[in-house]
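Structure below is target34.txt: compact mmCIF, C-alpha atoms.
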# COMPACT_ATOMS: atom_id res chain seq x y z
CA MET A 228 -3.59 -18.66 -43.91
CA GLY A 229 -3.21 -17.56 -47.52
CA THR A 230 0.16 -19.33 -47.74
CA LEU A 231 -1.46 -22.56 -46.53
CA VAL A 232 -4.15 -22.29 -49.23
CA PHE A 233 -1.49 -21.82 -51.93
CA MET A 234 0.44 -24.85 -50.65
CA LEU A 235 -2.72 -26.97 -50.84
CA THR A 236 -3.25 -25.91 -54.45
CA VAL A 237 0.29 -27.03 -55.32
CA SER A 238 0.36 -30.35 -53.42
CA VAL A 239 -2.07 -31.53 -50.76
CA PRO A 240 0.16 -34.38 -49.40
CA MET A 241 3.18 -32.13 -48.98
CA ALA A 242 1.08 -29.35 -47.45
CA ILE A 243 -0.23 -31.85 -44.88
CA VAL A 244 3.36 -32.87 -44.05
CA VAL A 245 4.34 -29.21 -43.48
CA VAL A 246 1.29 -28.54 -41.28
CA LEU A 247 1.92 -31.67 -39.18
CA VAL A 248 5.65 -31.05 -38.67
CA THR A 249 5.59 -27.27 -38.06
CA PRO A 250 4.14 -27.54 -34.48
CA LEU A 251 7.46 -29.15 -33.48
CA SER A 252 8.98 -25.65 -33.49
CA ILE A 253 6.22 -24.42 -31.19
CA VAL A 254 6.81 -27.35 -28.83
CA ALA A 255 10.55 -26.60 -28.74
CA ALA A 256 9.93 -22.91 -28.04
CA GLY A 257 7.48 -23.85 -25.29
CA LEU A 258 10.00 -26.15 -23.58
CA ILE A 259 12.69 -23.48 -23.66
CA ALA A 260 10.23 -20.85 -22.38
CA LYS A 261 9.26 -23.14 -19.51
CA LEU A 262 12.92 -23.54 -18.53
CA SER A 263 13.57 -19.79 -18.62
CA ASN A 264 10.32 -18.83 -16.90
CA LYS A 265 11.66 -19.45 -13.37
CA SER A 266 14.73 -17.37 -14.11
CA PHE A 267 12.62 -14.44 -15.32
CA ALA A 268 10.42 -14.68 -12.21
CA ALA A 269 13.55 -14.68 -10.01
CA GLN A 270 14.93 -11.72 -11.95
CA GLN A 271 11.80 -9.63 -11.32
CA ARG A 272 11.65 -10.64 -7.65
CA ILE A 273 15.27 -9.68 -7.02
CA GLN A 274 14.82 -6.45 -8.97
CA GLY A 275 11.92 -5.57 -6.66
CA GLU A 276 14.05 -6.32 -3.58
CA LEU A 277 16.88 -4.19 -4.95
CA GLY A 278 14.54 -1.26 -5.65
CA ALA A 279 13.04 -1.50 -2.16
CA HIS A 280 16.53 -1.64 -0.62
CA VAL A 281 17.65 1.49 -2.47
CA GLU A 282 14.47 3.41 -1.63
CA GLU A 283 14.66 2.45 2.04
CA TYR A 284 18.26 3.49 2.57
CA VAL A 285 18.24 6.59 0.36
CA GLY A 286 15.17 7.82 2.24
CA GLN A 287 16.93 7.38 5.60
CA GLN A 288 20.42 8.62 4.76
CA LYS A 289 20.92 10.50 8.02
CA LEU A 290 19.96 7.49 10.13
CA VAL A 291 22.20 5.20 8.07
CA ALA A 292 25.14 7.60 8.50
CA ALA A 293 24.47 8.10 12.21
CA PHE A 294 24.66 4.37 12.92
CA GLY A 295 27.57 3.79 10.54
CA PHE A 296 25.48 1.34 8.55
CA ALA A 297 26.62 2.54 5.10
CA PRO A 298 29.23 -0.23 4.53
CA ARG A 299 26.71 -2.95 5.40
CA ALA A 300 24.06 -1.30 3.22
CA GLU A 301 26.53 -1.20 0.32
CA GLU A 302 27.43 -4.83 0.94
CA ARG A 303 23.77 -5.82 0.85
CA PHE A 304 23.28 -3.79 -2.33
CA GLY A 305 26.24 -5.54 -3.93
CA SER A 306 24.86 -8.93 -2.95
CA LEU A 307 21.43 -8.20 -4.40
CA ASN A 308 22.98 -6.69 -7.52
CA GLY A 309 25.07 -9.84 -8.01
CA GLU A 310 22.00 -12.06 -7.61
CA LEU A 311 20.14 -9.90 -10.13
CA TYR A 312 22.99 -10.14 -12.63
CA THR A 313 23.14 -13.94 -12.29
CA ALA A 314 19.39 -14.39 -12.62
CA GLY A 315 19.19 -11.98 -15.54
CA GLU A 316 22.11 -13.63 -17.35
CA ARG A 317 20.57 -17.08 -16.96
CA ALA A 318 17.13 -15.85 -18.07
CA GLN A 319 18.53 -14.08 -21.13
CA PHE A 320 20.65 -17.08 -22.12
CA LEU A 321 17.82 -19.60 -21.84
CA SER A 322 15.30 -17.41 -23.65
CA SER A 323 17.82 -16.62 -26.40
CA LEU A 324 17.88 -20.33 -27.29
CA SER A 325 14.27 -20.14 -28.39
CA ASN A 326 14.77 -18.36 -31.71
CA PRO A 327 17.79 -20.39 -32.91
CA GLY A 328 16.03 -23.60 -31.83
CA THR A 329 12.89 -22.69 -33.76
CA ARG A 330 14.88 -21.70 -36.85
CA PHE A 331 16.82 -24.97 -36.69
CA ILE A 332 13.62 -27.05 -36.64
CA ASN A 333 12.05 -24.95 -39.40
CA ASN A 334 15.18 -25.46 -41.54
CA ILE A 335 14.86 -29.21 -40.98
CA ILE A 336 11.25 -28.92 -42.17
CA TYR A 337 12.51 -27.00 -45.21
CA ALA A 338 15.01 -29.79 -45.93
CA VAL A 339 12.33 -32.49 -45.49
CA VAL A 340 10.09 -30.64 -47.95
CA GLY A 341 13.01 -30.44 -50.39
CA VAL A 342 13.64 -34.18 -50.16
CA LEU A 343 9.93 -34.95 -50.63
CA GLY A 344 9.87 -32.57 -53.60
CA CYS A 345 12.74 -34.43 -55.23
CA SER A 346 10.88 -37.68 -54.66
CA CYS A 347 7.78 -36.19 -56.29
CA VAL A 348 9.78 -35.10 -59.35
CA ILE A 349 11.73 -38.37 -59.76
CA THR A 350 9.25 -41.07 -58.63
CA GLY A 351 5.91 -39.25 -58.58
CA TRP A 352 5.40 -40.16 -54.88
CA PRO A 353 3.60 -38.96 -52.86
CA ALA A 354 2.47 -36.60 -55.65
CA THR A 355 3.50 -35.67 -59.15
CA LEU A 356 5.34 -32.33 -59.27
CA THR A 357 7.60 -30.47 -61.65
CA VAL A 358 10.86 -28.83 -60.60
CA GLY A 359 9.12 -25.45 -60.81
CA GLY A 360 6.30 -26.73 -58.61
CA VAL A 361 8.81 -27.88 -55.99
CA GLN A 362 10.51 -24.48 -56.05
CA THR A 363 7.16 -22.74 -55.64
CA PHE A 364 6.16 -25.03 -52.77
CA LEU A 365 9.50 -24.44 -50.98
CA SER A 366 8.92 -20.70 -51.22
CA TYR A 367 5.43 -21.06 -49.73
CA ALA A 368 6.75 -23.35 -46.96
CA ASN A 369 9.39 -20.79 -46.06
CA GLN A 370 6.73 -18.06 -45.86
CA TYR A 371 4.52 -20.33 -43.75
CA THR A 372 7.20 -20.88 -41.07
CA LYS A 373 8.46 -17.27 -40.99
CA PRO A 374 5.86 -15.99 -38.44
CA PHE A 375 6.98 -18.67 -35.98
CA ASN A 376 10.56 -17.39 -36.26
CA GLU A 377 9.49 -13.79 -35.77
CA VAL A 378 7.46 -14.59 -32.66
CA THR A 379 10.30 -16.49 -31.01
CA SER A 380 12.72 -13.63 -31.81
CA VAL A 381 10.89 -11.48 -29.23
CA ILE A 382 10.32 -14.28 -26.71
CA THR A 383 12.72 -12.59 -24.24
CA GLN A 384 10.70 -9.38 -24.17
CA ILE A 385 7.46 -11.34 -23.96
CA GLN A 386 8.65 -13.41 -20.98
CA THR A 387 10.00 -10.33 -19.20
CA ALA A 388 6.61 -8.67 -19.66
CA PHE A 389 4.80 -11.77 -18.39
CA ALA A 390 7.04 -11.99 -15.31
CA SER A 391 6.37 -8.32 -14.52
CA ALA A 392 2.66 -8.69 -15.26
CA ARG A 393 2.33 -11.56 -12.79
CA ARG A 394 3.63 -9.31 -10.00
CA VAL A 395 1.27 -6.51 -11.04
CA PHE A 396 -1.73 -8.84 -11.24
CA ALA A 397 -0.85 -10.34 -7.85
CA LEU A 398 -1.12 -6.83 -6.40
CA VAL A 399 -4.29 -6.00 -8.33
CA ASP A 400 -5.92 -9.29 -7.30
CA ALA A 401 -4.98 -8.89 -3.62
CA ALA A 402 -7.95 -8.93 -1.31
CA GLU A 403 -9.39 -5.45 -0.83
CA GLU A 404 -11.28 -4.20 2.19
CA THR A 405 -14.78 -5.54 2.49
CA PRO A 406 -17.04 -3.42 0.27
CA ASP A 407 -19.90 -1.43 1.76
CA ALA A 408 -23.06 -3.45 2.22
CA PRO A 409 -25.67 -2.95 -0.55
CA THR A 410 -27.99 -1.53 2.11
CA ALA A 411 -25.29 0.73 3.64
CA ILE A 412 -26.62 3.98 5.10
CA GLU A 413 -25.19 7.42 4.33
CA LEU A 414 -24.53 9.07 7.69
CA THR A 415 -25.67 12.69 7.78
CA ASP A 416 -25.31 15.24 10.58
CA PRO A 417 -23.35 12.98 12.99
CA GLN A 418 -23.92 13.74 16.67
CA GLY A 419 -20.93 11.82 18.05
CA ASP A 420 -22.65 9.18 20.21
CA VAL A 421 -20.23 6.21 20.14
CA GLN A 422 -21.00 2.85 21.74
CA ILE A 423 -18.41 0.07 21.80
CA GLU A 424 -20.15 -3.12 22.93
CA HIS A 425 -18.21 -6.25 23.92
CA VAL A 426 -15.68 -5.86 21.10
CA ASP A 427 -13.04 -8.54 20.46
CA PHE A 428 -10.35 -8.17 17.83
CA SER A 429 -7.09 -9.83 16.77
CA TYR A 430 -4.75 -9.33 13.82
CA VAL A 431 -3.75 -13.00 13.96
CA PRO A 432 -6.56 -15.50 14.71
CA ASP A 433 -4.71 -17.37 17.46
CA ARG A 434 -3.40 -14.21 19.18
CA PRO A 435 -6.25 -12.20 20.75
CA LEU A 436 -5.53 -8.46 21.15
CA LEU A 437 -8.69 -6.63 22.26
CA ARG A 438 -11.05 -8.52 24.54
CA ASP A 439 -14.52 -7.51 25.71
CA ILE A 440 -14.09 -3.75 25.24
CA CYS A 441 -17.14 -1.78 26.37
CA VAL A 442 -17.30 2.02 26.15
CA HIS A 443 -20.15 4.50 25.75
CA ALA A 444 -19.01 7.97 24.70
CA ARG A 445 -21.90 10.40 24.71
CA PRO A 446 -21.77 13.54 22.54
CA GLY A 447 -19.26 16.03 23.91
CA MET A 448 -17.43 13.58 26.19
CA ARG A 449 -13.64 13.30 26.25
CA PHE A 450 -12.20 9.82 26.58
CA ALA A 451 -8.50 9.22 27.13
CA LEU A 452 -6.79 5.92 26.36
CA VAL A 453 -3.63 5.19 28.33
CA GLY A 454 -1.52 2.14 28.92
CA PRO A 455 1.74 0.46 27.93
CA THR A 456 2.85 0.20 24.32
CA GLY A 457 1.08 -2.61 22.46
CA CYS A 458 -1.98 -2.78 24.70
CA GLY A 459 -4.39 -1.93 21.83
CA LYS A 460 -4.99 1.82 22.09
CA THR A 461 -4.27 2.67 18.46
CA THR A 462 -5.98 -0.54 17.32
CA LEU A 463 -9.19 0.68 18.97
CA ILE A 464 -8.89 3.94 17.00
CA ASN A 465 -8.45 1.92 13.78
CA LEU A 466 -11.61 -0.05 14.55
CA LEU A 467 -13.60 3.17 15.00
CA LEU A 468 -12.59 4.21 11.48
CA ARG A 469 -13.21 0.72 10.07
CA PHE A 470 -9.67 0.22 8.87
CA TYR A 471 -10.42 -3.20 10.33
CA ASP A 472 -13.70 -4.86 11.29
CA VAL A 473 -14.30 -6.29 14.74
CA ASN A 474 -14.20 -10.06 15.25
CA ALA A 475 -16.99 -9.98 17.81
CA GLY A 476 -19.30 -7.40 19.32
CA GLN A 477 -20.23 -4.16 17.58
CA ILE A 478 -19.47 -0.45 17.41
CA LEU A 479 -22.41 1.93 17.10
CA LEU A 480 -22.31 5.54 15.92
CA ASP A 481 -25.50 7.49 16.63
CA GLY A 482 -27.25 4.13 17.05
CA HIS A 483 -26.04 2.68 13.74
CA ASP A 484 -23.68 -0.29 13.51
CA ILE A 485 -20.70 1.23 11.68
CA ARG A 486 -20.59 -1.84 9.39
CA GLN A 487 -23.98 -0.70 8.06
CA LEU A 488 -22.68 2.79 7.24
CA THR A 489 -20.78 3.77 4.11
CA ARG A 490 -17.09 4.12 4.89
CA LYS A 491 -16.94 7.56 3.28
CA SER A 492 -19.69 9.02 5.45
CA LEU A 493 -18.35 7.25 8.55
CA ARG A 494 -14.83 8.60 8.16
CA ALA A 495 -16.13 12.06 7.31
CA ALA A 496 -17.50 12.20 10.86
CA PHE A 497 -14.01 11.78 12.34
CA GLY A 498 -10.97 14.00 12.43
CA MET A 499 -7.68 12.34 13.28
CA VAL A 500 -4.21 13.61 14.19
CA LEU A 501 -1.55 10.91 14.37
CA GLN A 502 1.88 10.81 15.95
CA GLU A 503 3.32 10.20 12.46
CA THR A 504 2.94 13.28 10.29
CA TRP A 505 2.18 13.22 6.59
CA LEU A 506 2.54 16.13 4.19
CA PHE A 507 2.47 15.97 0.40
CA GLU A 508 4.27 17.98 -2.26
CA GLY A 509 2.33 21.19 -2.71
CA THR A 510 1.77 24.56 -1.07
CA VAL A 511 1.38 25.00 2.65
CA ALA A 512 -2.20 26.15 2.09
CA ASP A 513 -2.99 23.04 0.04
CA ASN A 514 -1.66 20.79 2.81
CA ILE A 515 -3.77 22.50 5.46
CA ALA A 516 -6.87 22.37 3.22
CA TYR A 517 -6.33 18.67 2.38
CA GLY A 518 -9.49 17.55 4.18
CA ARG A 519 -11.51 20.55 3.04
CA PRO A 520 -10.33 21.66 -0.41
CA ASP A 521 -13.14 24.22 -0.79
CA ALA A 522 -11.95 26.25 2.23
CA THR A 523 -11.19 29.91 1.68
CA ARG A 524 -7.77 31.43 2.34
CA GLU A 525 -9.17 33.21 5.40
CA GLN A 526 -10.39 29.91 6.85
CA VAL A 527 -7.00 28.27 6.21
CA ILE A 528 -5.21 31.13 7.97
CA ALA A 529 -7.65 31.00 10.89
CA ALA A 530 -6.99 27.27 11.33
CA ALA A 531 -3.23 27.86 11.23
CA GLU A 532 -3.55 30.61 13.85
CA ARG A 533 -5.52 28.30 16.15
CA ALA A 534 -2.80 25.66 15.74
CA HIS A 535 -0.09 28.28 16.43
CA ALA A 536 1.48 27.59 13.03
CA ASP A 537 0.78 30.99 11.46
CA SER A 538 3.99 32.65 12.69
CA PHE A 539 6.44 30.21 11.12
CA ILE A 540 4.33 29.91 7.96
CA ARG A 541 4.46 33.70 7.39
CA ALA A 542 8.26 33.56 7.84
CA LEU A 543 8.51 31.31 4.76
CA PRO A 544 9.59 32.88 1.42
CA GLN A 545 6.08 32.80 -0.08
CA GLY A 546 4.12 32.35 3.13
CA TYR A 547 1.09 30.12 2.62
CA ASP A 548 1.97 29.75 -1.08
CA THR A 549 5.38 28.24 -0.33
CA VAL A 550 5.75 24.89 -2.08
CA ILE A 551 7.08 22.21 0.24
CA GLY A 552 8.68 18.96 -0.81
CA GLU A 553 7.41 15.46 -0.23
CA ASP A 554 6.95 14.61 3.47
CA GLY A 555 7.44 18.21 4.59
CA GLY A 556 10.79 19.04 3.06
CA THR A 557 12.94 20.97 5.55
CA PHE A 558 10.25 21.52 8.18
CA SER A 559 11.04 20.27 11.67
CA GLN A 560 8.99 17.40 13.07
CA GLY A 561 7.18 19.81 15.37
CA GLN A 562 6.30 22.18 12.50
CA LYS A 563 4.98 19.26 10.45
CA GLN A 564 2.77 18.24 13.35
CA LEU A 565 1.45 21.79 13.76
CA LEU A 566 0.44 21.78 10.07
CA CYS A 567 -1.38 18.46 10.59
CA ILE A 568 -3.14 19.93 13.62
CA ALA A 569 -4.16 22.97 11.55
CA ARG A 570 -5.52 20.58 8.92
CA ILE A 571 -7.79 18.86 11.44
CA MET A 572 -8.91 22.17 12.94
CA LEU A 573 -10.02 23.30 9.49
CA THR A 574 -12.16 20.19 8.90
CA ASP A 575 -14.10 20.84 12.14
CA PRO A 576 -15.23 17.19 12.60
CA ALA A 577 -17.93 15.82 14.90
CA ILE A 578 -15.54 13.36 16.58
CA LEU A 579 -11.84 13.91 17.30
CA LEU A 580 -9.22 11.15 17.41
CA LEU A 581 -5.88 12.34 18.78
CA ASP A 582 -3.10 9.77 18.82
CA GLU A 583 -0.13 11.42 20.56
CA ALA A 584 -1.01 14.55 18.59
CA THR A 585 1.42 16.82 20.48
CA SER A 586 4.32 14.39 20.93
CA SER A 587 6.77 16.32 18.71
CA ILE A 588 5.98 19.82 19.97
CA ASP A 589 7.95 21.78 22.56
CA THR A 590 6.36 22.24 25.98
CA ARG A 591 5.41 25.90 25.53
CA THR A 592 3.79 25.34 22.14
CA GLU A 593 2.11 22.21 23.47
CA LEU A 594 0.34 24.26 26.15
CA GLN A 595 -0.86 26.71 23.49
CA VAL A 596 -2.02 23.94 21.17
CA GLN A 597 -3.68 22.17 24.08
CA GLU A 598 -5.73 25.30 24.68
CA ALA A 599 -6.75 25.28 21.02
CA PHE A 600 -7.67 21.59 21.31
CA ASP A 601 -9.73 22.32 24.41
CA GLN A 602 -11.72 24.83 22.39
CA LEU A 603 -12.02 22.43 19.46
CA MET A 604 -13.11 19.52 21.68
CA SER A 605 -15.77 21.59 23.37
CA GLY A 606 -19.10 19.95 22.49
CA ARG A 607 -17.39 17.20 20.46
CA THR A 608 -16.80 13.58 21.30
CA SER A 609 -13.05 13.02 21.61
CA PHE A 610 -10.76 10.01 21.97
CA ILE A 611 -7.24 10.89 23.07
CA VAL A 612 -4.36 8.43 23.04
CA ALA A 613 -1.57 9.75 25.25
CA HIS A 614 1.53 8.65 27.11
CA ARG A 615 2.12 12.04 28.71
CA LEU A 616 -0.59 12.03 31.34
CA SER A 617 -0.41 15.79 31.85
CA THR A 618 -2.33 16.21 28.57
CA ILE A 619 -5.39 14.20 29.69
CA ARG A 620 -6.07 15.36 33.23
CA ASN A 621 -9.25 17.13 32.10
CA ALA A 622 -10.71 14.07 30.34
CA ASP A 623 -14.23 13.07 31.36
CA CYS A 624 -13.18 9.42 31.47
CA ILE A 625 -9.75 7.80 31.38
CA LEU A 626 -9.52 4.20 30.19
CA MET A 627 -6.48 2.37 31.55
CA MET A 628 -5.66 -0.52 29.20
CA ARG A 629 -3.39 -3.50 29.61
CA ASP A 630 -3.08 -6.66 27.50
CA GLY A 631 -6.03 -5.66 25.30
CA GLN A 632 -8.45 -5.09 28.19
CA ILE A 633 -9.74 -2.07 30.08
CA ILE A 634 -8.57 -2.65 33.64
CA GLU A 635 -9.56 0.73 35.11
CA ARG A 636 -11.82 3.61 34.15
CA GLY A 637 -12.72 6.94 35.76
CA THR A 638 -11.60 10.55 36.02
CA HIS A 639 -8.02 11.49 36.78
CA ASP A 640 -8.74 12.27 40.42
CA GLU A 641 -10.73 9.07 40.91
CA LEU A 642 -8.02 6.86 39.44
CA VAL A 643 -5.22 8.53 41.39
CA ALA A 644 -7.20 8.17 44.60
CA ARG A 645 -7.83 4.50 43.82
CA GLY A 646 -4.10 3.81 43.86
CA GLY A 647 -4.20 1.25 41.05
CA ALA A 648 -2.33 0.85 37.76
CA TYR A 649 -3.11 4.39 36.59
CA ALA A 650 -1.88 5.87 39.86
CA GLU A 651 1.37 3.93 39.52
CA LEU A 652 1.83 5.18 35.95
CA TYR A 653 1.03 8.76 36.98
CA ASN A 654 3.35 8.70 39.98
CA ALA A 655 6.13 7.27 37.82
CA GLN A 656 5.90 10.34 35.58
CA PHE A 657 5.49 12.89 38.38
CA ALA A 658 7.40 11.27 41.21
CA GLU A 659 9.18 14.48 42.08
In structure tokens, how does this file's structure come out?
Amino acid sequence: MGTLVFMLTVSVPMAIVVVLVTPLSIVAAGLIAKLSNKSFAAQQRIQGELGAHVEEYVGQQKLVAAFGFAPRAEERFGSLNGELYTAGERAQFLSSLSNPGTRFINNIIYAVVGVLGCSCVITGWPATLTVGGVQTFLSYANQYTKPFNEVTSVITQIQTAFASARRVFALVDAAEETPDAPTAIELTDPQGDVQIEHVDFSYVPDRPLLRDICVHARPGMRFALVGPTGCGKTTLINLLLRFYDVNAGQILLDGHDIRQLTRKSLRAAFGMVLQETWLFEGTVADNIAYGRPDATREQVIAAAERAHADSFIRALPQGYDTVIGEDGGTFSQGQKQLLCIARIMLTDPAILLLDEATSSIDTRTELQVQEAFDQLMSGRTSFIVAHRLSTIRNADCILMMRDGQIIERGTHDELVARGGAYAELYNAQFAE
């Protein structure tokens, strides 16, 4: 700004010429940036694919080796790496034209100013100037255009940052789960009365999954969900926790529509053990106390004993203070699941959700853990998803599902005596 003022004091007409012509360099830089923008976007996209590819295959090295997939994985890596190199080379080349192009135009402006200065000295048009005045004006003009050159010299870094920022903002701006209603109620002292009334749900609008589901689980009742894979058992569990909202109907907890409860208080009423285990990097005690960080060491040990995990934990180098790696480190799948079961036993929830909770445990340990679950479920509402029907024989009500509908319901003995779909499934498992 100061340089522009000085140019105006030397010669207003020539200053106006410089101001009018200088935007040509900005226009040129903008055109080049527009051409290279697609290449930078492609570069970031391919870089993301390459990172995901590496993470996926490094994390599953044993599976890749077992299926002899390493050569194909390497081939895919090489292909992505080649695409990344090509896109990066093109993006760097196009963006590198920006600074030379801007300097070229600014040098033309400098030459035009020099010619006009000579005209001013010789003819007095468009203004009267001395040779010293022309030299001074040329110096100011050079200073005036320098910032444009400096900006375009870092255009590559700027465009790379913009391409990365667009991906970050796309993630940040992604639709989040529906926020709690302003009038949402904080659930206190849950009793475990669950009513599912005429619930419909689908992940894709034109593909219905759950249709007209009706269940009333009174406090202390055990409900078992059985049926073929993909019939909607786990989806129903997800709806109870409001990971998704129903499309039609309603789910009531202690008489309250769960959409009118705060998610935090709703989920605090449930305890869930999934078929997939999840452990984080930290001590064994920290992993067990994940849902109840204020638990004492005695309470953590008691929960581990009830889950029959205490014996193998004490065999570790530092016992409960042993630090385990991400996703359980060297623990077996069954040991990981026992730790997750101990975690849920420590939280002591009002409602239990067990989704194939003992699927990775040996038969002897399963019987012991089942006894612990029987004690834990006593007086608590429980929903049990199971494929092994031996684990649900004592359920108060078994819901046989197929194609997103409940086709049979009753106790184990009632359903076997009925000779329907459940009896067929049971006899298939215990034909001998």
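Shortest atom-to-atom contact with A:Gln370 among A:Ile259, A:Met241, A:Met234, A:Ala655: A:Met234, counting only C-alpha atoms.
Between A:Val395 and the residues A:Gly295, A:Gly351, A:Gly275, A:Pro455, the shortest atom-to-atom distance, using all atoms listed in the file, involves A:Gly275.
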- Message: With distances taken over only C-alpha atoms, which residue among A:Arg607, A:Arg570, A:Arg629, A:Arg394 lies nearest A:Gln418?
- Response: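 Comparing A:Arg607, A:Arg570, A:Arg629, A:Arg394 against A:Gln418, the winner is A:Arg607.
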- Query: Given the choices A:Val239, A:Ile349, A:Ala314, A:Val291, which gets closest to A:Ile273 if the distance is worked out from only C-alpha atoms?
  - Reply: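 Distance minimum relative to A:Ile273 lands on A:Ala314.
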- Message: Nearest residue to A:Gln502 out of A:Leu452, A:Ala293, A:Val361, A:Ala613, using only C-alpha atoms?
- Response: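 So, comparing all the options, the nearest one is A:Ala613.
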What are the centre and the three edge lengths of an axis-aligned box that wraps all atoms of stretch 362-379 of chain A in the file, given that 4 Å is added to every side, written as JSON and rounded to one decimal in Å?
{"center_x": 7.5, "center_y": -19.4, "center_z": -43.5, "size_x": 14.0, "size_y": 19.2, "size_z": 33.0}
- Rounded to one decimal in Å, what is the spacing between atom CA of A:Ser538 and atom CA of A:Val596?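 Atom-to-atom, atom CA of A:Ser538 and atom CA of A:Val596 are spaced 13.6 Å apart.
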